[in-house]
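Peer 1: Dropping the structure in here first, questions after.
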Amino acid sequence: MAQAITDKDGVKRYLITLNVNGDAHTILVKGNAILTNVLRDQLDLTGTKKGCELGDCGSCTVLLDGKPVDSCLVLAVEADGRQITTIEGVMENGRLDAIQQSMINHAAVQCGYCTPGMVLSAKALLTRNPHPNEQEVREAISGNLCRCTGYVHIVEAVLATAQGRVTPDDH
Amino acid sequence: MYVPDFEYHAPNTVAEACAILAELGDRATVLAGGTDVLHKMKVGKLAPEHLVSLKNLDELREIREEPGRVVIGALASHNQIYTSQLLQRRYLSLPMAAHTMASNQICNLGTVGGNIVNGVPSADLPPILIALDASIRLTSAKGERTMPLEDFFWGSAQTRMEPGEILTEISIPDQQTTGSTYLKFGLRRSGALAVAAAAVSVQVSGDTLHAVRIVLASAAPTVLRVADAERSLIGRRIDDELLAEAGQFAAQASRPRDSIRGSAEYRKNLVGVLTKRALKKAIDEGHA
């Protein structure tokens with residue numbers, strides 16, 4: 001169990017290590033700290049969004065050991081020692097991930113609030129299933145709500161990525 | 001959203017977890033996947049003094065075959081059940097039921113144990129597990145006991161779990177059933193609670209049914225096994241009329257309530273249709 005440290009006011013905090021986007025952060029959190037808030041407020045990784053905060057909307061999606069989860073339903077202390085990927089960790093060597101580029105190409109972003117979660121759900125899908133059909137794409141992003149009603153373009157963007165039809169910066 | 005503060009425990013063994021729970025009694029709540037417990041804490045329905053996390057009990061995540069049975073650790077996530085090759089090969093109906101449960105994000109967190117101990121009548125895994133004659137193991141500082149899952153529920157969110165107990169494993173006995181399935185009707189195809197659902201298992205022998213189990217979800221205050229409908233099927237030649245009649249028996253036995261997801265009348269009708277279709281599917285397609 002994570003080491004507990006009690007301050008002079010008697011408040012107990014836990015020393016945990018979160019491996020976020022390949023960077024290990026050893027931080028102090030209270031037992032009731034939610035992962036979304038720790039990522040945003042303690043690590044300044046504000047790409048992870050807060051929507052419903054009850055596990056319905058998916059805007060707080062991160063990859064926990066490679067699997068998409070709603071970070072609003074995870075205690076930070078429970079993520080101690082685990083690998084976390086947020087939207088900030090998707091870009092590699094200064095280049096957008098193919099899914100991100102494809103979403104730009106397909107105008108699959110309107111207000112953008114759901115986009116980080118969408119990208120991470122799609123990325124997890126393509127990692128476990130590189131050639132999904134449309135239904136599998138729709139299923140994979142069914143826990144990510146877009147209220148701009150942009151699903152058609154998002155699904156097209158993910159399918160285009162899977163089929164290698166992503167051209168860099170063609171807009 | 002604020003989560004009320006609590007004292008956090010993360011024991012390393014089941015015995016240690018049981019000892020903590022024995023000491024704290026009803027001041028403690030067990031934390032597994034967190035999709036229900038943290039949700040309840042956020043909306044103000046639950047404010048435990050202590051949370052006892054099971055996250056370090058990796059032995060409870062295992063799904064394995066043993067002589068005479070298949071064992072599912074209570075901490076297996078819905079997606080673990082969905083993707084288990086063992087379960088897909090033996091009882092495909094169970095992975096398929098786990099898949100209907102919720103979004104991918106929730107299915108990666110939520111556990112089969114949590115789905116059971118919550119005791120809600122809309123839970124997706126208890127009906128198909130009861131149709132497959134599953135039993136559960138409850139562990140506490142006093143020892144262990146097992147019981148048929150069917151006997152575990154007695155009211156909405158009311159179970160026979162005693163304070164200090166942890167649900168540790170689910171066991172499906174090797175069986176003569178030739179087919180099983182779980183059919184659910186929700187208002188959306190993904191991530192929706194059941195308006196009504198039916199799980200069945202069948203043992204087909206020639207053109208009759210030798211044994212059958214029918215279990216309903218969202219059709220009464222508890223998961224509901226419908227014995228009259230089961231009896232009506234035994235030993236009679238299988239045809240569409242027979243299955244429709246069993247559906248009518250199931251509908252008559254159901255006691256759904258009016259809710260935002262559907263009226264009682266509509267749900268009764270759904271129970272009849274889903275029961276008939278589930279029987280047909282299990283008879284025709286095996287464990288599907």
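Following the order of the structure tokens, first chain is A, next is B, and so on, with residues numbered from 1 inside each chain and ligands from 1 in the order they appear.
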Give me, as a PyMOL selection string, all polymer residues having an atom no more than 10 Å from region 261-266 of chain B, counting only C-alpha atoms and skipping those fewer than 2 positions away in the same chain.

Peer 2: chain B and resi 186-187+192-196+219-220+251+254-259+268-271

Peer 1: Write the selection just made, keeping N, CA and C atoms, as an mmCIF file, in the first residue's frame?

Peer 2:
data_model
loop_
_atom_site.group_PDB
_atom_site.id
_atom_site.type_symbol
_atom_site.label_atom_id
_atom_site.label_comp_id
_atom_site.auth_asym_id
_atom_site.auth_seq_id
_atom_site.Cartn_x
_atom_site.Cartn_y
_atom_site.Cartn_z
ATOM 1 N N GLY B 186 -32.899 -2.624 -24.180
ATOM 2 C CA GLY B 186 -32.585 -1.322 -23.567
ATOM 3 C C GLY B 186 -33.018 -0.225 -24.513
ATOM 4 N N LEU B 187 -33.058 1.003 -24.017
ATOM 5 C CA LEU B 187 -33.537 2.101 -24.857
ATOM 6 C C LEU B 187 -32.487 2.534 -25.875
ATOM 7 N N ALA B 192 -27.049 1.060 -21.934
ATOM 8 C CA ALA B 192 -28.364 1.340 -21.357
ATOM 9 C C ALA B 192 -28.758 0.210 -20.417
ATOM 10 N N LEU B 193 -29.417 0.576 -19.307
ATOM 11 C CA LEU B 193 -29.937 -0.452 -18.409
ATOM 12 C C LEU B 193 -31.078 -1.198 -19.098
ATOM 13 N N ALA B 194 -31.309 -2.434 -18.654
ATOM 14 C CA ALA B 194 -32.378 -3.222 -19.250
ATOM 15 C C ALA B 194 -33.748 -2.640 -18.901
ATOM 16 N N VAL B 195 -34.594 -2.473 -19.906
ATOM 17 C CA VAL B 195 -36.015 -2.208 -19.657
ATOM 18 C C VAL B 195 -36.628 -3.529 -19.180
ATOM 19 N N ALA B 196 -36.212 -4.584 -19.826
ATOM 20 C CA ALA B 196 -36.495 -5.945 -19.379
ATOM 21 C C ALA B 196 -35.485 -6.846 -20.078
ATOM 22 N N ALA B 219 -37.684 -7.147 -14.071
ATOM 23 C CA ALA B 219 -39.061 -7.619 -14.196
ATOM 24 C C ALA B 219 -39.722 -7.827 -12.839
ATOM 25 N N ALA B 220 -39.001 -7.505 -11.775
ATOM 26 C CA ALA B 220 -39.496 -7.666 -10.407
ATOM 27 C C ALA B 220 -38.499 -6.964 -9.497
ATOM 28 N N ALA B 251 -44.397 -13.845 -18.468
ATOM 29 C CA ALA B 251 -44.985 -12.498 -18.357
ATOM 30 C C ALA B 251 -45.936 -12.430 -17.166
ATOM 31 N N SER B 254 -44.084 -12.210 -13.892
ATOM 32 C CA SER B 254 -43.258 -11.020 -13.673
ATOM 33 C C SER B 254 -44.053 -9.964 -12.912
ATOM 34 N N ARG B 255 -43.330 -9.137 -12.147
ATOM 35 C CA ARG B 255 -43.953 -8.072 -11.357
ATOM 36 C C ARG B 255 -43.181 -6.773 -11.573
ATOM 37 N N PRO B 256 -43.124 -6.305 -12.829
ATOM 38 C CA PRO B 256 -42.345 -5.087 -13.096
ATOM 39 C C PRO B 256 -43.041 -3.851 -12.551
ATOM 40 N N ARG B 257 -42.280 -2.769 -12.425
ATOM 41 C CA ARG B 257 -42.877 -1.515 -11.956
ATOM 42 C C ARG B 257 -42.847 -0.496 -13.096
ATOM 43 N N ASP B 258 -43.687 0.506 -12.968
ATOM 44 C CA ASP B 258 -43.615 1.643 -13.882
ATOM 45 C C ASP B 258 -42.357 2.429 -13.549
ATOM 46 N N SER B 259 -41.568 2.748 -14.539
ATOM 47 C CA SER B 259 -40.423 3.619 -14.269
ATOM 48 C C SER B 259 -40.162 4.444 -15.510
ATOM 49 N N LYS B 268 -44.129 -6.164 -19.047
ATOM 50 C CA LYS B 268 -44.699 -7.509 -19.016
ATOM 51 C C LYS B 268 -44.749 -8.083 -20.429
ATOM 52 N N ASN B 269 -45.172 -7.235 -21.346
ATOM 53 C CA ASN B 269 -45.240 -7.671 -22.740
ATOM 54 C C ASN B 269 -43.841 -8.029 -23.256
ATOM 55 N N LEU B 270 -42.860 -7.181 -22.908
ATOM 56 C CA LEU B 270 -41.475 -7.451 -23.320
ATOM 57 C C LEU B 270 -40.974 -8.787 -22.770
ATOM 58 N N VAL B 271 -41.310 -9.053 -21.508
ATOM 59 C CA VAL B 271 -40.861 -10.305 -20.883
ATOM 60 C C VAL B 271 -41.329 -11.501 -21.706
#

Peer 1: From a DSSP pass on the backbone, collect the residues of region 68-256 of chain B flagged as helix (DSSP H, G or I) and hand them back as JSON, numbers by chain.

Peer 2: {"B": [78, 79, 80, 81, 82, 83, 85, 86, 87, 88, 89, 90, 93, 94, 95, 96, 97, 98, 99, 100, 104, 105, 106, 107, 108, 109, 112, 113, 114, 115, 116, 117, 125, 126, 127, 128, 129, 130, 131, 149, 150, 151, 227, 228, 229, 230, 231, 240, 241, 242, 243, 244, 245, 246, 247, 248, 249, 250, 251, 252, 253]}

Peer 1: Within 8 Å of chain B, which residues belong to chain A? Use only C-alpha atoms and report them as a PDB file with all heavy atoms, in the first residue's frame.

Peer 2:
ATOM      1  N   MET A   1       0.841  -1.196   0.000  1.00  0.00           N
ATOM      2  CA  MET A   1       0.000   0.000   0.000  1.00  0.00           C
ATOM      3  C   MET A   1       0.878   1.249   0.000  1.00  0.00           C
ATOM      4  O   MET A   1       1.965   1.264   0.542  1.00  0.00           O
ATOM      5  CB  MET A   1      -0.909  -0.020   1.236  1.00  0.00           C
ATOM      6  CG  MET A   1      -1.866   1.146   1.284  1.00  0.00           C
ATOM      7  SD  MET A   1      -3.255   0.837   2.381  1.00  0.00           S
ATOM      8  CE  MET A   1      -3.544   2.485   2.964  1.00  0.00           C
ATOM      9  N   GLY A  31      -6.962  10.462   0.120  1.00  0.00           N
ATOM     10  CA  GLY A  31      -7.651   9.235  -0.290  1.00  0.00           C
ATOM     11  C   GLY A  31      -8.831   9.517  -1.196  1.00  0.00           C
ATOM     12  O   GLY A  31      -9.125   8.749  -2.117  1.00  0.00           O
ATOM     13  N   ASN A  32      -9.505  10.651  -0.980  1.00  0.00           N
ATOM     14  CA  ASN A  32     -10.710  10.924  -1.772  1.00  0.00           C
ATOM     15  C   ASN A  32     -10.429  11.742  -3.042  1.00  0.00           C
ATOM     16  O   ASN A  32     -11.350  12.248  -3.670  1.00  0.00           O
ATOM     17  CB  ASN A  32     -11.772  11.628  -0.916  1.00  0.00           C
ATOM     18  CG  ASN A  32     -11.308  12.978  -0.389  1.00  0.00           C
ATOM     19  OD1 ASN A  32     -10.135  13.298  -0.451  1.00  0.00           O
ATOM     20  ND2 ASN A  32     -12.252  13.763   0.126  1.00  0.00           N
ATOM     21  N   ALA A  33      -9.147  11.859  -3.424  1.00  0.00           N
ATOM     22  CA  ALA A  33      -8.817  12.588  -4.658  1.00  0.00           C
ATOM     23  C   ALA A  33      -9.152  11.727  -5.882  1.00  0.00           C
ATOM     24  O   ALA A  33      -8.762  10.563  -5.959  1.00  0.00           O
ATOM     25  CB  ALA A  33      -7.338  12.949  -4.670  1.00  0.00           C
ATOM     26  N   ILE A  34      -9.883  12.330  -6.802  1.00  0.00           N
ATOM     27  CA  ILE A  34     -10.284  11.623  -8.019  1.00  0.00           C
ATOM     28  C   ILE A  34      -9.212  11.815  -9.093  1.00  0.00           C
ATOM     29  O   ILE A  34      -8.625  12.898  -9.226  1.00  0.00           O
ATOM     30  CB  ILE A  34     -11.651  12.174  -8.495  1.00  0.00           C
ATOM     31  CG1 ILE A  34     -12.764  11.729  -7.537  1.00  0.00           C
ATOM     32  CG2 ILE A  34     -11.965  11.761  -9.924  1.00  0.00           C
ATOM     33  CD1 ILE A  34     -13.147  10.267  -7.610  1.00  0.00           C
ATOM     34  N   GLU A  53     -18.987  13.710 -14.809  1.00  0.00           N
ATOM     35  CA  GLU A  53     -18.291  13.265 -13.592  1.00  0.00           C
ATOM     36  C   GLU A  53     -18.946  12.049 -12.935  1.00  0.00           C
ATOM     37  O   GLU A  53     -18.715  11.771 -11.770  1.00  0.00           O
ATOM     38  CB  GLU A  53     -18.150  14.406 -12.581  1.00  0.00           C
ATOM     39  CG  GLU A  53     -17.297  15.545 -13.121  1.00  0.00           C
ATOM     40  CD  GLU A  53     -17.052  16.625 -12.096  1.00  0.00           C
ATOM     41  OE1 GLU A  53     -16.512  16.301 -11.046  1.00  0.00           O
ATOM     42  OE2 GLU A  53     -17.427  17.778 -12.368  1.00  0.00           O
ATOM     43  N   LEU A  54     -19.786  11.349 -13.680  1.00  0.00           N
ATOM     44  CA  LEU A  54     -20.454  10.160 -13.127  1.00  0.00           C
ATOM     45  C   LEU A  54     -20.313   8.944 -14.042  1.00  0.00           C
ATOM     46  O   LEU A  54     -21.064   7.982 -13.926  1.00  0.00           O
ATOM     47  CB  LEU A  54     -21.943  10.465 -12.894  1.00  0.00           C
ATOM     48  CG  LEU A  54     -22.244  11.441 -11.759  1.00  0.00           C
ATOM     49  CD1 LEU A  54     -23.708  11.860 -11.775  1.00  0.00           C
ATOM     50  CD2 LEU A  54     -21.880  10.833 -10.412  1.00  0.00           C
ATOM     51  N   GLY A  55     -19.371   8.991 -14.977  1.00  0.00           N
ATOM     52  CA  GLY A  55     -19.124   7.809 -15.787  1.00  0.00           C
ATOM     53  C   GLY A  55     -20.071   7.610 -16.953  1.00  0.00           C
ATOM     54  O   GLY A  55     -20.155   6.515 -17.501  1.00  0.00           O
ATOM     55  N   GLY A  58     -17.856  10.152 -20.797  1.00  0.00           N
ATOM     56  CA  GLY A  58     -16.588   9.741 -21.395  1.00  0.00           C
ATOM     57  C   GLY A  58     -15.611  10.866 -21.701  1.00  0.00           C
ATOM     58  O   GLY A  58     -14.536  10.596 -22.251  1.00  0.00           O
ATOM     59  N   THR A  61     -12.079  10.326 -20.317  1.00  0.00           N
ATOM     60  CA  THR A  61     -11.426   9.059 -20.660  1.00  0.00           C
ATOM     61  C   THR A  61      -9.903   9.181 -20.676  1.00  0.00           C
ATOM     62  O   THR A  61      -9.356  10.110 -21.281  1.00  0.00           O
ATOM     63  CB  THR A  61     -11.894   8.579 -22.047  1.00  0.00           C
ATOM     64  OG1 THR A  61     -13.316   8.411 -22.008  1.00  0.00           O
ATOM     65  CG2 THR A  61     -11.238   7.255 -22.437  1.00  0.00           C
ATOM     66  N   LYS A  67      -5.990   0.531 -21.319  1.00  0.00           N
ATOM     67  CA  LYS A  67      -7.442   0.349 -21.513  1.00  0.00           C
ATOM     68  C   LYS A  67      -8.199   1.620 -21.166  1.00  0.00           C
ATOM     69  O   LYS A  67      -7.934   2.228 -20.118  1.00  0.00           O
ATOM     70  CB  LYS A  67      -7.947  -0.792 -20.631  1.00  0.00           C
ATOM     71  CG  LYS A  67      -7.404  -2.134 -21.064  1.00  0.00           C
ATOM     72  CD  LYS A  67      -7.859  -3.232 -20.131  1.00  0.00           C
ATOM     73  CE  LYS A  67      -7.256  -4.550 -20.579  1.00  0.00           C
ATOM     74  NZ  LYS A  67      -7.059  -5.465 -19.456  1.00  0.00           N
ATOM     75  N   PRO A  68      -9.167   2.008 -22.005  1.00  0.00           N
ATOM     76  CA  PRO A  68      -9.912   3.221 -21.689  1.00  0.00           C
ATOM     77  C   PRO A  68     -10.772   3.051 -20.439  1.00  0.00           C
ATOM     78  O   PRO A  68     -11.455   2.033 -20.285  1.00  0.00           O
ATOM     79  CB  PRO A  68     -10.797   3.441 -22.921  1.00  0.00           C
ATOM     80  CG  PRO A  68     -10.771   2.167 -23.691  1.00  0.00           C
ATOM     81  CD  PRO A  68      -9.564   1.395 -23.275  1.00  0.00           C
ATOM     82  N   VAL A  69     -10.703   4.044 -19.565  1.00  0.00           N
ATOM     83  CA  VAL A  69     -11.561   4.079 -18.378  1.00  0.00           C
ATOM     84  C   VAL A  69     -12.027   5.517 -18.170  1.00  0.00           C
ATOM     85  O   VAL A  69     -11.402   6.455 -18.671  1.00  0.00           O
ATOM     86  CB  VAL A  69     -10.822   3.607 -17.096  1.00  0.00           C
ATOM     87  CG1 VAL A  69     -10.313   2.187 -17.221  1.00  0.00           C
ATOM     88  CG2 VAL A  69      -9.673   4.547 -16.747  1.00  0.00           C
ATOM     89  N   ASP A  70     -13.127   5.667 -17.437  1.00  0.00           N
ATOM     90  CA  ASP A  70     -13.575   6.999 -17.048  1.00  0.00           C
ATOM     91  C   ASP A  70     -12.772   7.410 -15.817  1.00  0.00           C
ATOM     92  O   ASP A  70     -12.963   6.858 -14.729  1.00  0.00           O
ATOM     93  CB  ASP A  70     -15.072   6.969 -16.701  1.00  0.00           C
ATOM     94  CG  ASP A  70     -15.932   6.694 -17.918  1.00  0.00           C
ATOM     95  OD1 ASP A  70     -15.639   7.252 -18.983  1.00  0.00           O
ATOM     96  OD2 ASP A  70     -16.905   5.915 -17.808  1.00  0.00           O
ATOM     97  N   LEU A  73     -14.193   8.077 -12.256  1.00  0.00           N
ATOM     98  CA  LEU A  73     -14.624   7.011 -11.347  1.00  0.00           C
ATOM     99  C   LEU A  73     -13.429   6.213 -10.832  1.00  0.00           C
ATOM    100  O   LEU A  73     -13.564   5.050 -10.460  1.00  0.00           O
ATOM    101  CB  LEU A  73     -15.630   6.078 -12.043  1.00  0.00           C
ATOM    102  CG  LEU A  73     -17.001   6.687 -12.332  1.00  0.00           C
ATOM    103  CD1 LEU A  73     -17.911   5.669 -13.009  1.00  0.00           C
ATOM    104  CD2 LEU A  73     -17.667   7.201 -11.049  1.00  0.00           C
ATOM    105  N   VAL A  74     -12.257   6.847 -10.852  1.00  0.00           N
ATOM    106  CA  VAL A  74     -11.054   6.188 -10.344  1.00  0.00           C
ATOM    107  C   VAL A  74     -10.443   7.079  -9.268  1.00  0.00           C
ATOM    108  O   VAL A  74     -10.222   8.272  -9.503  1.00  0.00           O
ATOM    109  CB  VAL A  74     -10.027   5.960 -11.483  1.00  0.00           C
ATOM    110  CG1 VAL A  74      -8.757   5.327 -10.934  1.00  0.00           C
ATOM    111  CG2 VAL A  74     -10.621   5.093 -12.592  1.00  0.00           C
ATOM    112  N   GLU A  78      -5.850   4.644  -6.198  1.00  0.00           N
ATOM    113  CA  GLU A  78      -6.030   3.321  -6.812  1.00  0.00           C
ATOM    114  C   GLU A  78      -5.171   3.169  -8.075  1.00  0.00           C
ATOM    115  O   GLU A  78      -4.949   2.064  -8.539  1.00  0.00           O
ATOM    116  CB  GLU A  78      -7.502   3.103  -7.180  1.00  0.00           C
ATOM    117  CG  GLU A  78      -8.449   2.995  -5.996  1.00  0.00           C
ATOM    118  CD  GLU A  78      -8.574   1.585  -5.459  1.00  0.00           C
ATOM    119  OE1 GLU A  78      -9.135   0.714  -6.136  1.00  0.00           O
ATOM    120  OE2 GLU A  78      -8.096   1.370  -4.339  1.00  0.00           O
ATOM    121  N   GLU A 139     -19.257   0.998 -31.550  1.00  0.00           N
ATOM    122  CA  GLU A 139     -19.298   0.385 -30.228  1.00  0.00           C
ATOM    123  C   GLU A 139     -18.176   0.941 -29.349  1.00  0.00           C
ATOM    124  O   GLU A 139     -18.391   1.263 -28.179  1.00  0.00           O
ATOM    125  CB  GLU A 139     -19.104  -1.119 -30.397  1.00  0.00           C
ATOM    126  CG  GLU A 139     -20.086  -1.956 -29.635  1.00  0.00           C
ATOM    127  CD  GLU A 139     -19.938  -3.409 -30.027  1.00  0.00           C
ATOM    128  OE1 GLU A 139     -18.864  -3.993 -29.793  1.00  0.00           O
ATOM    129  OE2 GLU A 139     -20.895  -3.943 -30.600  1.00  0.00           O
ATOM    130  N   ALA A 140     -16.985   1.068 -29.930  1.00  0.00           N
ATOM    131  CA  ALA A 140     -15.819   1.504 -29.142  1.00  0.00           C
ATOM    132  C   ALA A 140     -15.977   2.926 -28.624  1.00  0.00           C
ATOM    133  O   ALA A 140     -15.458   3.256 -27.566  1.00  0.00           O
ATOM    134  CB  ALA A 140     -14.551   1.395 -29.991  1.00  0.00           C
ATOM    135  N   ILE A 141     -16.696   3.773 -29.372  1.00  0.00           N
ATOM    136  CA  ILE A 141     -16.852   5.162 -28.918  1.00  0.00           C
ATOM    137  C   ILE A 141     -18.224   5.397 -28.292  1.00  0.00           C
ATOM    138  O   ILE A 141     -18.599   6.540 -28.032  1.00  0.00           O
ATOM    139  CB  ILE A 141     -16.618   6.178 -30.061  1.00  0.00           C
ATOM    140  CG1 ILE A 141     -17.635   5.981 -31.188  1.00  0.00           C
ATOM    141  CG2 ILE A 141     -15.195   6.098 -30.589  1.00  0.00           C
ATOM    142  CD1 ILE A 141     -17.700   7.166 -32.144  1.00  0.00           C
ATOM    143  N   SER A 142     -18.946   4.302 -28.008  1.00  0.00           N
ATOM    144  CA  SER A 142     -20.309   4.486 -27.482  1.00  0.00           C
ATOM    145  C   SER A 142     -20.299   5.058 -26.071  1.00  0.00           C
ATOM    146  O   SER A 142     -21.316   5.561 -25.605  1.00  0.00           O
ATOM    147  CB  SER A 142     -21.090   3.171 -27.534  1.00  0.00           C
ATOM    148  OG  SER A 142     -20.545   2.256 -26.623  1.00  0.00           O
ATOM    149  N   GLY A 143     -19.160   4.987 -25.380  1.00  0.00           N
ATOM    150  CA  GLY A 143     -19.073   5.599 -24.058  1.00  0.00           C
ATOM    151  C   GLY A 143     -18.538   7.018 -24.108  1.00  0.00           C
ATOM    152  O   GLY A 143     -18.151   7.571 -23.086  1.00  0.00           O
TER     153      GLY A 143
END

Peer 1: Would you pick out the contacts of Gly22 (chain A) at 12 Å or less, using only C-alpha atoms, so that residues sharing its chain but fewer than 2 positions from it are not included, and give the list as a short mmCIF file (atom, residue, chain, number, x, y, z; two decimals) with N, CA, C and O atoms, in the first residue's frame?

Peer 2:
data_model
loop_
_atom_site.label_atom_id
_atom_site.label_comp_id
_atom_site.auth_asym_id
_atom_site.auth_seq_id
_atom_site.Cartn_x
_atom_site.Cartn_y
_atom_site.Cartn_z
N THR A 17 2.84 7.06 -7.08
CA THR A 17 3.53 7.34 -8.33
C THR A 17 2.61 7.04 -9.49
O THR A 17 2.11 5.92 -9.63
N LEU A 18 2.33 8.07 -10.27
CA LEU A 18 1.53 7.89 -11.48
C LEU A 18 2.47 7.98 -12.68
O LEU A 18 3.19 8.97 -12.83
N ASN A 19 2.47 6.96 -13.51
CA ASN A 19 3.28 6.99 -14.73
C ASN A 19 2.41 7.54 -15.84
O ASN A 19 1.64 6.81 -16.47
N VAL A 20 2.51 8.85 -16.06
CA VAL A 20 1.62 9.50 -17.01
C VAL A 20 2.38 9.85 -18.28
O VAL A 20 3.36 10.61 -18.23
N ALA A 24 7.15 9.61 -14.84
CA ALA A 24 6.72 9.19 -13.51
C ALA A 24 6.60 10.39 -12.57
O ALA A 24 7.55 11.14 -12.40
N HIS A 25 5.39 10.57 -12.02
CA HIS A 25 5.17 11.66 -11.07
C HIS A 25 4.91 11.06 -9.71
O HIS A 25 3.97 10.30 -9.56
N ASP A 65 -3.27 1.44 -18.01
CA ASP A 65 -2.62 0.24 -18.52
C ASP A 65 -3.15 -0.12 -19.91
O ASP A 65 -3.44 -1.29 -20.21
N GLY A 81 1.17 3.45 -9.27
CA GLY A 81 2.04 2.49 -9.94
C GLY A 81 1.59 2.08 -11.33
O GLY A 81 2.26 1.28 -11.98
N ARG A 82 0.48 2.63 -11.80
CA ARG A 82 -0.03 2.17 -13.10
C ARG A 82 0.31 3.15 -14.21
O ARG A 82 0.68 4.29 -13.98
N GLN A 83 0.21 2.64 -15.45
CA GLN A 83 0.53 3.44 -16.63
C GLN A 83 -0.72 4.17 -17.09
O GLN A 83 -1.76 3.55 -17.34
N ILE A 84 -0.60 5.48 -17.24
CA ILE A 84 -1.74 6.29 -17.67
C ILE A 84 -1.37 7.04 -18.94
O ILE A 84 -0.28 7.61 -19.03
N THR A 85 -2.25 6.99 -19.93
CA THR A 85 -2.06 7.82 -21.12
C THR A 85 -3.19 8.82 -21.19
O THR A 85 -4.37 8.44 -21.17
N THR A 86 -2.83 10.10 -21.23
CA THR A 86 -3.84 11.13 -21.44
C THR A 86 -3.69 11.65 -22.87
O THR A 86 -2.75 11.27 -23.57
N GLU A 88 -2.55 14.27 -23.87
CA GLU A 88 -1.26 14.94 -24.07
C GLU A 88 -0.17 13.95 -24.47
O GLU A 88 0.88 14.36 -25.00
N GLY A 89 -0.40 12.65 -24.20
CA GLY A 89 0.63 11.66 -24.48
C GLY A 89 0.43 10.94 -25.80
O GLY A 89 1.15 9.99 -26.12
N VAL A 90 -0.53 11.38 -26.59
CA VAL A 90 -0.84 10.67 -27.83
C VAL A 90 0.07 11.11 -28.98
O VAL A 90 0.46 10.33 -29.83
N GLU A 92 3.37 11.98 -30.92
CA GLU A 92 4.72 11.42 -30.80
C GLU A 92 5.72 12.21 -31.63
O GLU A 92 5.44 12.52 -32.80
#

Peer 1: I need the residues of region 77-260 of chain B that end up classed as strand (DSSP E) by DSSP on the backbone, written out as a ChimeraX atom specification.

Peer 2: /B:135-140,143-148,153-155,158-159,166-173,179-186,194-205,208-217,224-225

Peer 1: Export C-alpha atoms of the chosen residues as a short mmCIF file (atom, residue, chain, number, x, y, z; two decimals), in the first residue's frame?

Peer 2:
data_model
loop_
_atom_site.label_atom_id
_atom_site.label_comp_id
_atom_site.auth_asym_id
_atom_site.auth_seq_id
_atom_site.Cartn_x
_atom_site.Cartn_y
_atom_site.Cartn_z
CA SER B 135 -22.98 -20.46 -7.01
CA ILE B 136 -21.00 -17.87 -5.09
CA ARG B 137 -18.40 -17.99 -2.34
CA LEU B 138 -18.57 -15.48 0.49
CA THR B 139 -15.49 -15.08 2.64
CA SER B 140 -15.21 -13.42 6.05
CA GLY B 143 -14.73 -18.54 7.38
CA GLU B 144 -16.30 -19.24 4.02
CA ARG B 145 -19.73 -20.21 2.81
CA THR B 146 -21.13 -20.94 -0.61
CA MET B 147 -24.68 -20.60 -1.84
CA PRO B 148 -26.53 -20.79 -5.12
CA PHE B 153 -31.17 -11.86 -3.61
CA TRP B 154 -34.27 -11.18 -1.55
CA GLY B 155 -35.31 -7.61 -2.41
CA GLN B 158 -31.16 -6.53 -0.67
CA THR B 159 -28.90 -9.55 -0.51
CA ILE B 166 -16.52 -10.34 0.69
CA LEU B 167 -17.79 -12.05 -2.42
CA THR B 168 -14.67 -13.84 -3.61
CA GLU B 169 -15.65 -16.18 -6.44
CA ILE B 170 -18.38 -17.32 -8.75
CA SER B 171 -18.52 -20.95 -9.78
CA ILE B 172 -20.31 -22.43 -12.79
CA PRO B 173 -20.69 -26.22 -12.51
CA GLY B 179 -27.64 -23.90 -24.88
CA SER B 180 -28.02 -20.60 -23.04
CA THR B 181 -28.51 -16.98 -23.91
CA TYR B 182 -29.23 -13.54 -22.48
CA LEU B 183 -31.56 -11.20 -24.36
CA LYS B 184 -31.87 -7.64 -23.19
CA PHE B 185 -34.00 -4.77 -24.37
CA GLY B 186 -32.59 -1.32 -23.57
CA ALA B 194 -32.38 -3.22 -19.25
CA VAL B 195 -36.02 -2.21 -19.66
CA ALA B 196 -36.49 -5.94 -19.38
CA ALA B 197 -34.28 -8.95 -20.07
CA ALA B 198 -34.46 -12.73 -20.09
CA ALA B 199 -31.72 -15.30 -19.55
CA VAL B 200 -32.36 -18.95 -20.32
CA SER B 201 -30.50 -22.23 -20.34
CA VAL B 202 -31.87 -25.33 -22.01
CA GLN B 203 -31.10 -29.01 -22.23
CA VAL B 204 -32.52 -30.23 -25.51
CA SER B 205 -33.10 -33.94 -25.89
CA THR B 208 -38.21 -31.94 -26.37
CA LEU B 209 -36.65 -30.04 -23.50
CA HIS B 210 -35.27 -32.16 -20.71
CA ALA B 211 -34.41 -29.21 -18.47
CA VAL B 212 -34.74 -25.44 -18.69
CA ARG B 213 -34.08 -22.36 -16.57
CA ILE B 214 -35.64 -18.97 -17.22
CA VAL B 215 -34.44 -15.94 -15.26
CA LEU B 216 -35.70 -12.38 -15.74
CA ALA B 217 -34.06 -9.01 -15.13
CA LEU B 224 -36.64 -13.52 -10.92
CA ARG B 225 -36.65 -17.19 -11.83
#

Peer 1: I'd like the neighbourhood of Asp41 (chain A) as an NGL selection string, where a residue qualifies if any of its atoms comes within 12 Å (using only C-alpha atoms), though same-chain residues fewer than 6 positions away should be ignored.

Peer 2: :A and (27 or 29 or 33-35 or 47-50)

Peer 1: Could you tell me which of A:Ile5, A:Leu64, A:Ala76, A:Leu145 comes closest to Cys52 (chain A) if we count only C-alpha atoms?

Peer 2: A:Leu145

Peer 1: Any idea what the distance is between CA of Ala108 (chain A) and CA of Ala122 (chain A)?

Peer 2: 12.8 Å
